[in-house]
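What follows is the content of entry.cif, which has mmCIF, C-alpha atoms and all ligand atoms:
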data_protein
loop_
_atom_site.label_atom_id
_atom_site.label_comp_id
_atom_site.auth_asym_id
_atom_site.auth_seq_id
_atom_site.Cartn_x
_atom_site.Cartn_y
_atom_site.Cartn_z
CA MET X 117 -0.61 -29.34 15.37
CA GLY X 118 1.62 -28.31 18.30
CA ALA X 119 0.44 -26.67 21.50
CA GLY X 120 -0.30 -22.99 21.02
CA GLU X 121 -0.57 -23.24 17.22
CA ARG X 122 -3.81 -22.25 15.56
CA GLU X 123 -5.56 -23.56 12.52
CA GLU X 124 -5.30 -20.83 9.88
CA GLU X 125 -9.02 -21.05 9.25
CA GLY X 126 -11.82 -18.73 10.22
CA VAL X 127 -9.50 -16.01 11.47
CA ARG X 128 -11.24 -12.71 12.24
CA VAL X 129 -9.32 -9.84 10.67
CA ALA X 130 -10.03 -6.11 11.00
CA VAL X 131 -9.11 -4.30 7.78
CA VAL X 132 -8.44 -0.73 8.83
CA GLY X 133 -8.90 1.29 5.64
CA GLY X 134 -11.10 -1.51 4.32
CA THR X 135 -12.92 0.82 1.91
CA GLY X 136 -9.71 1.93 0.14
CA SER X 137 -7.96 0.68 -2.99
CA VAL X 138 -6.01 -1.99 -1.06
CA GLY X 139 -8.67 -2.50 1.61
CA ARG X 140 -11.47 -3.52 -0.76
CA PRO X 141 -9.61 -6.38 -2.50
CA LEU X 142 -8.17 -7.42 0.87
CA VAL X 143 -11.65 -7.75 2.39
CA GLU X 144 -12.73 -9.82 -0.65
CA ALA X 145 -9.62 -12.03 -0.48
CA LEU X 146 -10.10 -12.69 3.25
CA ARG X 147 -13.73 -13.70 2.76
CA ARG X 148 -12.86 -15.89 -0.26
CA ALA X 149 -10.26 -17.67 1.91
CA GLY X 150 -12.88 -18.41 4.57
CA HIS X 151 -11.90 -15.73 7.08
CA ALA X 152 -14.08 -13.04 8.63
CA ALA X 153 -13.25 -9.47 7.60
CA VAL X 154 -14.34 -6.45 9.64
CA VAL X 155 -14.23 -3.22 7.62
CA VAL X 156 -12.89 -0.35 9.73
CA SER X 157 -13.00 3.18 8.33
CA ARG X 158 -14.67 6.50 9.03
CA SER X 159 -17.53 5.49 6.73
CA THR X 160 -18.20 2.45 8.95
CA GLY X 161 -18.08 4.57 12.13
CA ALA X 162 -14.46 4.20 13.32
CA ASP X 163 -11.76 6.87 13.21
CA VAL X 164 -8.12 5.99 13.84
CA VAL X 165 -7.20 9.60 14.61
CA THR X 166 -9.82 10.29 17.28
CA GLY X 167 -10.13 6.65 18.37
CA THR X 168 -13.93 6.74 17.99
CA GLY X 169 -15.44 3.29 17.44
CA LEU X 170 -12.16 1.35 17.60
CA ASP X 171 -12.91 -0.72 20.72
CA GLY X 172 -16.22 -1.89 19.22
CA ALA X 173 -14.64 -2.61 15.82
CA LEU X 174 -11.80 -4.70 17.28
CA ALA X 175 -13.91 -6.78 19.68
CA GLY X 176 -13.22 -10.47 19.01
CA VAL X 177 -10.65 -9.71 16.31
CA ASP X 178 -7.53 -11.92 15.97
CA ALA X 179 -5.51 -9.72 13.61
CA VAL X 180 -5.52 -6.11 12.42
CA VAL X 181 -4.25 -5.03 8.99
CA ASP X 182 -3.61 -1.30 8.68
CA VAL X 183 -4.10 -0.11 5.08
CA THR X 184 -5.15 3.44 5.90
CA ALA X 185 -3.76 6.41 3.97
CA THR X 186 -3.68 10.15 4.51
CA ARG X 187 -3.83 13.13 2.19
CA ALA X 188 -1.62 15.17 4.54
CA ARG X 189 0.45 17.67 2.57
CA THR X 190 3.33 18.12 5.01
CA ALA X 191 5.68 15.59 6.58
CA ARG X 192 4.63 16.86 10.02
CA ASP X 193 0.93 16.25 9.36
CA ALA X 194 1.58 12.82 7.83
CA GLU X 195 3.74 11.84 10.82
CA ARG X 196 1.05 13.05 13.19
CA PHE X 197 -1.63 11.05 11.32
CA PHE X 198 0.26 7.74 11.21
CA ALA X 199 1.79 8.02 14.69
CA THR X 200 -1.56 8.84 16.32
CA ALA X 201 -3.43 6.25 14.27
CA THR X 202 -0.92 3.48 15.04
CA ASP X 203 -0.81 4.29 18.76
CA ARG X 204 -4.60 4.25 18.94
CA LEU X 205 -4.88 1.04 16.91
CA VAL X 206 -2.32 -0.96 18.87
CA GLU X 207 -3.69 0.25 22.22
CA ALA X 208 -7.23 -0.72 21.19
CA GLY X 209 -5.76 -3.98 19.85
CA ARG X 210 -4.03 -4.72 23.15
CA ARG X 211 -7.29 -4.10 25.06
CA ALA X 212 -9.17 -6.40 22.67
CA GLY X 213 -6.55 -9.20 22.83
CA VAL X 214 -5.50 -8.85 19.17
CA ARG X 215 -2.52 -11.17 18.56
CA HIS X 216 -1.11 -9.70 15.35
CA HIS X 217 -0.87 -6.15 13.96
CA VAL X 218 0.08 -5.88 10.28
CA VAL X 219 1.19 -2.71 8.50
CA LEU X 220 1.37 -2.33 4.73
CA SER X 221 4.31 -0.06 3.98
CA VAL X 222 6.35 1.13 1.02
CA VAL X 223 9.61 -0.21 -0.48
CA GLY X 224 12.48 2.28 -0.38
CA LEU X 225 11.48 4.17 2.78
CA ASP X 226 14.99 3.95 4.19
CA ARG X 227 16.78 4.78 0.92
CA ALA X 228 15.41 8.30 0.36
CA GLU X 229 13.71 11.06 2.30
CA GLY X 230 10.62 10.94 0.04
CA GLY X 231 7.52 13.09 0.24
CA PRO X 232 5.24 13.77 3.23
CA GLU X 233 3.63 10.31 3.10
CA TRP X 234 7.01 8.60 3.51
CA ALA X 235 7.74 10.52 6.71
CA GLY X 236 4.39 9.29 8.02
CA LYS X 237 5.03 5.70 6.94
CA ARG X 238 8.36 5.65 8.80
CA ALA X 239 6.55 6.80 11.97
CA GLN X 240 3.86 4.16 11.40
CA GLU X 241 6.42 1.33 11.01
CA GLU X 242 8.36 2.39 14.08
CA ARG X 243 5.25 2.67 16.32
CA ALA X 244 3.90 -0.68 15.14
CA LEU X 245 7.19 -2.55 15.64
CA THR X 246 7.71 -1.17 19.15
CA GLY X 247 4.05 -1.31 20.24
CA PRO X 248 2.31 -3.72 22.63
CA VAL X 249 0.86 -6.04 19.93
CA PRO X 250 3.25 -8.38 18.00
CA ALA X 251 3.60 -6.83 14.55
CA THR X 252 4.62 -7.47 10.96
CA VAL X 253 5.62 -4.74 8.49
CA LEU X 254 5.24 -5.71 4.85
CA ARG X 255 6.67 -3.21 2.37
CA CYS X 256 5.44 -3.31 -1.20
CA THR X 257 6.29 -1.47 -4.40
CA GLN X 258 4.00 0.87 -6.37
CA PHE X 259 0.79 -0.48 -7.85
CA HIS X 260 0.25 -0.96 -11.60
CA ASP X 261 -1.84 2.23 -11.87
CA VAL X 262 1.06 4.41 -10.66
CA ALA X 263 1.81 5.80 -14.14
CA ALA X 264 -1.86 6.61 -14.75
CA GLU X 265 -1.96 8.40 -11.39
CA VAL X 266 1.10 10.51 -12.23
CA VAL X 267 -0.39 11.45 -15.61
CA ALA X 268 -3.69 12.44 -13.96
CA LEU X 269 -1.78 14.66 -11.51
CA THR X 270 0.54 16.40 -13.99
CA ARG X 271 -1.66 16.65 -17.08
CA GLU X 272 -2.10 20.10 -18.58
CA GLY X 273 -4.20 19.99 -21.73
CA GLU X 274 -2.65 17.44 -24.08
CA VAL X 275 0.70 17.23 -22.23
CA ALA X 276 1.66 15.30 -19.09
CA ARG X 277 4.96 15.19 -17.18
CA VAL X 278 6.34 11.83 -16.02
CA PRO X 279 9.56 11.20 -14.06
CA PRO X 280 11.91 8.65 -15.70
CA LEU X 281 11.70 6.27 -12.74
CA LEU X 282 12.51 2.60 -12.41
CA VAL X 283 9.70 0.77 -10.61
CA GLN X 284 8.70 -2.86 -10.16
CA PRO X 285 4.93 -2.53 -9.88
CA VAL X 286 2.73 -5.09 -8.16
CA ALA X 287 -0.97 -5.86 -8.62
CA VAL X 288 -3.11 -4.69 -5.75
CA THR X 289 -4.89 -8.07 -5.85
CA ASP X 290 -1.51 -9.81 -5.33
CA VAL X 291 -0.79 -7.48 -2.40
CA ALA X 292 -4.18 -8.46 -0.95
CA LEU X 293 -3.30 -12.17 -1.19
CA ALA X 294 0.05 -11.62 0.52
CA LEU X 295 -1.66 -9.62 3.28
CA VAL X 296 -4.15 -12.43 3.90
CA GLU X 297 -1.29 -14.93 4.35
CA THR X 298 0.56 -12.50 6.59
CA ALA X 299 -2.43 -11.62 8.75
CA VAL X 300 -3.47 -15.19 9.51
CA GLY X 301 0.11 -16.26 10.31
CA PRO X 302 2.37 -15.32 13.23
CA ALA X 303 3.94 -11.88 13.70
CA ARG X 304 7.36 -11.71 12.00
CA GLY X 305 8.61 -8.13 12.43
CA ARG X 306 10.08 -6.91 9.16
CA VAL X 307 9.57 -9.32 6.28
CA PRO X 308 11.09 -9.29 2.75
CA ASP X 309 9.75 -6.71 0.29
CA LEU X 310 6.83 -7.56 -1.96
CA ALA X 311 6.98 -6.61 -5.66
CA GLY X 312 5.70 -7.49 -9.10
CA PRO X 313 7.55 -9.79 -11.51
CA GLN X 314 9.64 -7.27 -13.46
CA THR X 315 11.21 -3.85 -13.51
CA GLU X 316 9.47 -1.21 -15.64
CA ASP X 317 10.24 2.33 -16.74
CA LEU X 318 7.50 4.74 -15.60
CA VAL X 319 7.46 6.77 -18.85
CA ASP X 320 7.00 3.58 -20.85
CA MET X 321 4.26 2.45 -18.44
CA ALA X 322 2.48 5.78 -18.94
CA ARG X 323 2.73 5.41 -22.73
CA ARG X 324 1.37 1.84 -22.65
CA THR X 325 -1.45 2.76 -20.22
CA LEU X 326 -2.56 5.65 -22.45
CA ALA X 327 -2.37 3.49 -25.59
CA ALA X 328 -4.45 0.73 -23.94
CA ARG X 329 -7.04 3.35 -22.94
CA GLY X 330 -7.07 4.94 -26.42
CA GLN X 331 -5.84 8.28 -25.05
CA HIS X 332 -3.39 10.50 -26.92
CA LEU X 333 -1.16 12.77 -24.82
CA ARG X 334 2.37 14.02 -25.27
CA LEU X 335 4.52 12.73 -22.42
CA VAL X 336 7.44 14.81 -21.18
CA PRO X 337 10.06 12.86 -19.18
CA THR X 338 11.20 15.22 -16.41
CA TRP X 339 12.00 15.50 -12.70
CA ARG X 340 10.34 18.94 -12.49
CA GLY X 341 6.76 19.38 -11.30
CA VAL X 342 6.21 15.66 -10.74
CA PRO X 343 5.27 13.73 -7.59
CA TYR X 344 8.58 11.79 -7.36
CA GLY X 345 11.90 13.65 -6.95
CA VAL X 346 15.22 12.78 -8.57
CA GLU X 347 16.28 11.21 -5.24
CA MET X 348 13.98 8.31 -6.24
CA ALA X 349 16.07 7.58 -9.38
CA GLY X 350 18.15 4.43 -9.79
CA GLU X 351 17.19 1.47 -7.62
CA VAL X 352 15.54 3.33 -4.74
CA LEU X 353 12.03 2.04 -5.52
CA LEU X 354 13.10 -1.46 -6.55
CA PRO X 355 12.61 -4.39 -4.17
CA GLY X 356 15.49 -5.42 -1.92
CA ARG X 357 17.37 -8.74 -1.82
CA GLY X 358 15.19 -11.78 -1.08
CA ALA X 359 12.00 -9.98 -2.14
CA ARG X 360 8.88 -11.98 -2.81
CA LEU X 361 7.84 -11.47 -6.43
CA MET X 362 4.15 -11.81 -7.19
CA PRO X 363 2.99 -13.10 -10.61
CA THR X 364 0.72 -10.44 -12.13
CA SER X 365 2.72 -8.41 -14.67
CA PHE X 366 2.03 -4.88 -15.83
CA ASP X 367 0.87 -6.31 -19.20
CA ASP X 368 -1.57 -8.68 -17.41
CA TRP X 369 -2.95 -5.70 -15.49
CA LEU X 370 -3.22 -3.56 -18.66
CA LEU X 371 -5.29 -6.28 -20.31
CA ASP X 372 -7.64 -6.48 -17.30
CA ASP X 373 -7.86 -2.67 -17.18
CA TRP X 374 -8.71 -2.59 -20.89
CA ARG X 375 -11.34 -5.38 -20.49
CA ALA X 376 -12.93 -3.55 -17.53
CA ALA X 377 -13.20 -0.25 -19.48
N1 LIG X 401 -0.55 3.27 -3.92
C1 LIG X 401 0.62 2.62 -3.92
O1 LIG X 401 1.27 2.45 -4.98
C2 LIG X 401 1.15 2.04 -2.62
C3 LIG X 401 2.34 1.33 -2.63
C4 LIG X 401 2.81 0.78 -1.45
C5 LIG X 401 2.09 0.93 -0.26
N2 LIG X 401 0.92 1.66 -0.28
C6 LIG X 401 0.23 1.84 0.99
O2 LIG X 401 -1.07 1.30 0.95
C7 LIG X 401 -1.86 1.94 1.95
C8 LIG X 401 -3.29 2.04 1.46
O3 LIG X 401 -3.33 2.84 0.29
P1 LIG X 401 -4.67 3.01 -0.55
O4 LIG X 401 -4.25 3.48 -1.90
O5 LIG X 401 -5.52 1.75 -0.44
O6 LIG X 401 -5.39 4.20 0.23
P2 LIG X 401 -6.87 4.78 -0.04
O7 LIG X 401 -7.49 4.15 -1.24
O8 LIG X 401 -6.74 6.27 0.02
O9 LIG X 401 -7.69 4.28 1.24
C9 LIG X 401 -7.46 4.83 2.51
C10 LIG X 401 -8.36 4.14 3.51
O10 LIG X 401 -8.08 4.70 4.82
C11 LIG X 401 -9.32 5.04 5.44
N3 LIG X 401 -9.07 6.16 6.35
C12 LIG X 401 -8.49 7.36 6.09
N4 LIG X 401 -8.47 8.14 7.19
C13 LIG X 401 -9.05 7.40 8.18
C14 LIG X 401 -9.32 7.64 9.55
N5 LIG X 401 -9.02 8.81 10.14
N6 LIG X 401 -9.92 6.65 10.28
C15 LIG X 401 -10.25 5.47 9.70
N7 LIG X 401 -10.00 5.18 8.41
C16 LIG X 401 -9.41 6.13 7.66
C17 LIG X 401 -10.25 5.41 4.27
O11 LIG X 401 -11.61 5.27 4.61
P3 LIG X 401 -12.57 6.50 5.07
O12 LIG X 401 -12.26 7.65 4.16
O13 LIG X 401 -13.96 5.97 4.99
O14 LIG X 401 -12.18 6.78 6.49
C18 LIG X 401 -9.85 4.33 3.25
O15 LIG X 401 -10.54 3.14 3.55
C19 LIG X 401 -1.18 3.31 2.23
O16 LIG X 401 -0.75 3.37 3.57
C20 LIG X 401 0.01 3.32 1.31
O17 LIG X 401 1.17 3.84 1.95
C21 LIG X 401 0.43 2.20 -1.42
#
Go ahead and express the file in the form of structure tokens.
Amino acid sequence: MGAGEREEEGVRVAVVGGTGSVGRPLVEALRRAGHAAVVVSRSTGADVVTGTGLDGALAGVDAVVDVTATRARTARDAERFFATATDRLVEAGRRAGVRHHVVLSVVGLDRAEGGPEWAGKRAQEERALTGPVPATVLRCTQFHDVAAEVVALTREGEVARVPPLLVQPVAVTDVALALVETAVGPARGRVPDLAGPQTEDLVDMARRTLAARGQHLRLVPTWRGVPYGVEMAGEVLLPGRGARLMPTSFDDWLLDDWRAA
């Protein structure tokens, strides 16, 4: 081992948003790999917007992984959330001597305007990459439950609307593994996109998810009244060149989802 290098063992990582759908498997994956995970969220007494509890939560931490999310409904509110949160996190990180700040972001952010969350994610990336703690931004594609989420949002009686999108979904557990590797390694700025093994069609994913769950709904492919606009059509949501493809396929996930039901 050269001077200044660290063993990638026993790293202390703060998972900000550690109670969320990415945060929970990330905390588990860190602990399984022999690292210490500190769960940071409002329910554990820390708030990234007000800054309450952050200094205490980051004491002795080597790396921070930001997997927070906001329900802000406007681009302005989402930008305010992620900009404030990132500024507070990296400032608290600098005070605590954190050596690596990691942001989980979304593939396609620079190819389309997107909804409110995307405006916030762009602010988050920019603040992290220009902040006082060396940072890495890892963008990933949608998770395997994206079609189920769209159906839950658009369902009216026995009918649900689904946009005919191309996606390359990734398992949240695979994202967690990639975040562990990223967090315990050195800061690398922007890194290649992370995605699942193959491209899928969202309407087909919705159909297969419903079939696996024994649900019968009529699906209407449309760009109207759905959470993704037509600007997301084509290859906007697909991973870029040199992307890292993780192994768990949509069919693998469906089988696990069905077994867990
Ligand atoms: N879903 C996808 O397909 C997808 C794809 C690519 C990237 N991502 C990114 O993944 C990230 C995580 O998403 P997710 O689905 O895991 O979100 P989630 O399940 O909604 O979890 C959000 C987490 O943030 C915490 N949080 C929210 N406001 C907070 C505050 N003011 N202070 C401290 N903690 C706060 C929540 O905990 P408390 O409520 O206890 O505070 C929770 O732990 C998002 O940034 C998203 O952009 C998602």
Would you mind listing the residues within 8 Å of ligand LIG 401 (chain X), counting all atoms listed in the file, as a ChimeraX atom specification? /X:132-140,156-160,162-166,182-187,197,201,220-223,233-234,237,255-262,285
Nearest residue to Gly341 of chain X out of X:Ala327, X:Val319, X:Val283, X:Val267, using all atoms listed in the file? X:Val267
Please determine, counting all atoms listed in the file, which residue among X:Arg196, X:Ala173, X:Arg277, X:Gly358 has the shortest atom-to-atom distance to Gly161 of chain X.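 Answer, going by the shortest atom-to-atom distance: X:Ala173.
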For Ala244 of chain X, which of X:Ala294, X:Ala212, X:Val181, X:Ala268 is the closest residue, counting all atoms listed in the file?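 Using all atoms listed in the file, the shortest distance to Ala244 of chain X belongs to X:Val181.
Nearest residue to Val206 of chain X among X:Leu170, X:Val249, X:Ala287, X:Leu225 is X:Val249, counting all atoms listed in the file.
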Give me, please, the distance in Å between atom CA of Ala349 of chain X and atom CA of Leu269 of chain X, quoted to one decimal.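 Separation between atom CA of Ala349 of chain X and atom CA of Leu269 of chain X: 19.3 Å.
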Rank X:Trp369, X:Trp374, X:Phe198, X:Trp339 by their smallest atom-to-atom distance to Thr270 of chain X, using only C-alpha atoms, and report the top residue only.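 Among X:Trp369, X:Trp374, X:Phe198, X:Trp339, it is X:Trp339 that comes nearest to Thr270 of chain X.
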From the set X:Ala263, X:Val177, X:Val154, X:Leu295, which residue has the shortest atom-to-atom contact distance to Leu318 of chain X, counting only C-alpha atoms? X:Ala263
One decimal place gives the atom CA of His216 of chain X-atom CA of Val127 of chain X separation as 11.2 Å
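We find atom CA of Leu245 of chain X and atom CA of Leu293 of chain X to be spaced 22.0 Å apart.
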Padding 6 Å on each side, edges along x, y and z: where is the centre of the box around the listed atoms of segment 272-284 of chain X, and how long are its edges in Å to one decimal? Output it as AutoDock Vina command-line options.
--center_x 4.2 --center_y 8.6 --center_z -17.1 --size_x 28.7 --size_y 35.0 --size_z 25.9
Report as a PyMOL selection string all protein, DNA and RNA residues lying within 9 Å of Leu281 of chain X, evaluated on only C-alpha atoms, omitting residues in the same chain fewer than 2 positions from it. chain X and resi 278-279+283+316-319+344+346+348-351+353
Would you mind exporting C-alpha atoms of the selected residues as a CSV table (one decimal), keeping the file's coordinate frame?
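The file below, again-v2.csv, is the result:
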chain,number,residue,atom,x,y,z
X,278,VAL,CA,6.3,11.8,-16.0
X,279,PRO,CA,9.6,11.2,-14.1
X,283,VAL,CA,9.7,0.8,-10.6
X,316,GLU,CA,9.5,-1.2,-15.6
X,317,ASP,CA,10.2,2.3,-16.7
X,318,LEU,CA,7.5,4.7,-15.6
X,319,VAL,CA,7.5,6.8,-18.8
X,344,TYR,CA,8.6,11.8,-7.4
X,346,VAL,CA,15.2,12.8,-8.6
X,348,MET,CA,14.0,8.3,-6.2
X,349,ALA,CA,16.1,7.6,-9.4
X,350,GLY,CA,18.2,4.4,-9.8
X,351,GLU,CA,17.2,1.5,-7.6
X,353,LEU,CA,12.0,2.0,-5.5
Just so I have it separately, write segment 141-152 of chain X from the block I sent, keeping N, CA, C and O atoms, as a PDB file, in the first residue's frame.
ATOM      1  N   PRO X 141     -31.326  -0.490   1.714  1.00  0.00           N
ATOM      2  CA  PRO X 141     -30.392  -1.519   1.218  1.00  0.00           C
ATOM      3  C   PRO X 141     -28.936  -1.066   1.231  1.00  0.00           C
ATOM      4  O   PRO X 141     -28.024  -1.897   1.378  1.00  0.00           O
ATOM      5  N   LEU X 142     -28.698   0.239   1.117  1.00  0.00           N
ATOM      6  CA  LEU X 142     -27.311   0.726   1.172  1.00  0.00           C
ATOM      7  C   LEU X 142     -26.729   0.525   2.569  1.00  0.00           C
ATOM      8  O   LEU X 142     -25.586   0.071   2.712  1.00  0.00           O
ATOM      9  N   VAL X 143     -27.506   0.838   3.598  1.00  0.00           N
ATOM     10  CA  VAL X 143     -27.040   0.632   4.974  1.00  0.00           C
ATOM     11  C   VAL X 143     -26.732  -0.853   5.192  1.00  0.00           C
ATOM     12  O   VAL X 143     -25.676  -1.222   5.723  1.00  0.00           O
ATOM     13  N   GLU X 144     -27.633  -1.725   4.716  1.00  0.00           N
ATOM     14  CA  GLU X 144     -27.402  -3.177   4.859  1.00  0.00           C
ATOM     15  C   GLU X 144     -26.141  -3.602   4.129  1.00  0.00           C
ATOM     16  O   GLU X 144     -25.330  -4.371   4.640  1.00  0.00           O
ATOM     17  N   ALA X 145     -25.968  -3.116   2.889  1.00  0.00           N
ATOM     18  CA  ALA X 145     -24.811  -3.527   2.078  1.00  0.00           C
ATOM     19  C   ALA X 145     -23.505  -3.044   2.707  1.00  0.00           C
ATOM     20  O   ALA X 145     -22.495  -3.763   2.697  1.00  0.00           O
ATOM     21  N   LEU X 146     -23.509  -1.848   3.273  1.00  0.00           N
ATOM     22  CA  LEU X 146     -22.291  -1.344   3.939  1.00  0.00           C
ATOM     23  C   LEU X 146     -21.935  -2.245   5.113  1.00  0.00           C
ATOM     24  O   LEU X 146     -20.775  -2.654   5.276  1.00  0.00           O
ATOM     25  N   ARG X 147     -22.925  -2.564   5.927  1.00  0.00           N
ATOM     26  CA  ARG X 147     -22.661  -3.370   7.132  1.00  0.00           C
ATOM     27  C   ARG X 147     -22.215  -4.778   6.745  1.00  0.00           C
ATOM     28  O   ARG X 147     -21.289  -5.322   7.346  1.00  0.00           O
ATOM     29  N   ARG X 148     -22.853  -5.349   5.696  1.00  0.00           N
ATOM     30  CA  ARG X 148     -22.439  -6.677   5.226  1.00  0.00           C
ATOM     31  C   ARG X 148     -20.991  -6.670   4.756  1.00  0.00           C
ATOM     32  O   ARG X 148     -20.278  -7.654   4.889  1.00  0.00           O
ATOM     33  N   ALA X 149     -20.552  -5.540   4.185  1.00  0.00           N
ATOM     34  CA  ALA X 149     -19.177  -5.438   3.662  1.00  0.00           C
ATOM     35  C   ALA X 149     -18.177  -5.058   4.756  1.00  0.00           C
ATOM     36  O   ALA X 149     -17.000  -4.842   4.474  1.00  0.00           O
ATOM     37  N   GLY X 150     -18.645  -4.965   5.998  1.00  0.00           N
ATOM     38  CA  GLY X 150     -17.725  -4.702   7.110  1.00  0.00           C
ATOM     39  C   GLY X 150     -17.473  -3.234   7.396  1.00  0.00           C
ATOM     40  O   GLY X 150     -16.523  -2.886   8.105  1.00  0.00           O
ATOM     41  N   HIS X 151     -18.324  -2.360   6.845  1.00  0.00           N
ATOM     42  CA  HIS X 151     -18.173  -0.930   7.108  1.00  0.00           C
ATOM     43  C   HIS X 151     -19.195  -0.488   8.156  1.00  0.00           C
ATOM     44  O   HIS X 151     -20.159  -1.199   8.436  1.00  0.00           O
ATOM     45  N   ALA X 152     -18.971   0.707   8.701  1.00  0.00           N
ATOM     46  CA  ALA X 152     -19.943   1.242   9.662  1.00  0.00           C
ATOM     47  C   ALA X 152     -20.867   2.201   8.918  1.00  0.00           C
ATOM     48  O   ALA X 152     -20.399   3.049   8.156  1.00  0.00           O
TER      49      ALA X 152
END
